[in-house]
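K.L.:
Handing you a structure now.
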Amino acid sequence: MEKAINLAPVIVAIILAAFGQVTMKYAMFGSPLPLATPIEAAKNILSRPMVYFGLVFYAGSSFLWLVSLSRLDLSYMYPFTALLIVLITFVSAFLFNEPITLWKISGVILICAGLLLIARSS
């Protein structure tokens, strides 16, 4: 039971990181950056308010990750970052109409199976 309680901040950190990715993709959606100098690209990116929301989600994720690092083994925690793949696969299909292929579904199933094995290993 204690592992499950300590795992909660890890799961929330993963969800916040996924929110950060989706928010930043939304900020960049439909308007690819022109091939320009790095300074022009940075100005373009930093002029998009949704980028900052994504960074806030990442900051929250990082904070919870650090809390979790103080309580759990990194070798136990780190594989749960694979949940980002699972979350992003489905959210990007829903929000950005990205295709979900049989290969992606198969990969998601394998990731989930692997996470169950790791969660039971400690």
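Just so we're on the same page: first chain in the structure tokens is A, next is B, and so on; residues restart at 1 for each chain, and ligands are numbered from 1 in the order they show up.
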So that I can check the surroundings of range 9-13 of chain A, please list as a list in words every protein, DNA and RNA residue that reaches within 9 Å of it, counting only C-alpha atoms and ignoring chain neighbours fewer than 6 positions away.
P.N.:
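So, after excluding close chain neighbours, the residues are Phe57, Tyr58, Gly60, Ser61, Ser62, Phe63, Leu64, Trp65, Val67, Ser68, Leu69, Met77, Phe80, Thr81 and Leu83 of chain A.
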K.L.:
Within 9 Å of Val22 in chain A, counting only C-alpha atoms, which residues qualify if same-chain residues fewer than 6 places away don't, as a list in words?
P.N.:
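The filter keeps Gly54, Ile88, Val91, Ser92 and Leu95 of chain A.
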K.L.:
By how many Å are CA of Pro79 in chain A and CA of Leu115 in chain A apart?
P.N.:
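Taking CA of Pro79 in chain A as the start and CA of Leu115 in chain A as the end point, the length is 6.9 Å.
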K.L.:
Based on DSSP run over this structure's backbone, return all residues of chain A in helix (DSSP H, G or I), as JSON, numbers by chain.
P.N.:
{"A": [2, 3, 4, 5, 6, 7, 8, 9, 10, 11, 12, 13, 14, 15, 16, 17, 18, 19, 20, 21, 22, 23, 24, 25, 26, 27, 28, 38, 39, 40, 41, 42, 43, 44, 45, 46, 49, 50, 51, 52, 53, 54, 55, 56, 57, 58, 59, 60, 61, 62, 63, 64, 65, 66, 67, 68, 69, 74, 75, 76, 77, 78, 79, 80, 81, 82, 83, 84, 85, 86, 87, 88, 89, 90, 91, 92, 93, 94, 95, 96, 102, 103, 104, 105, 106, 107, 108, 109, 110, 111, 112, 113, 114, 115, 116, 117, 118, 119, 120, 121]}
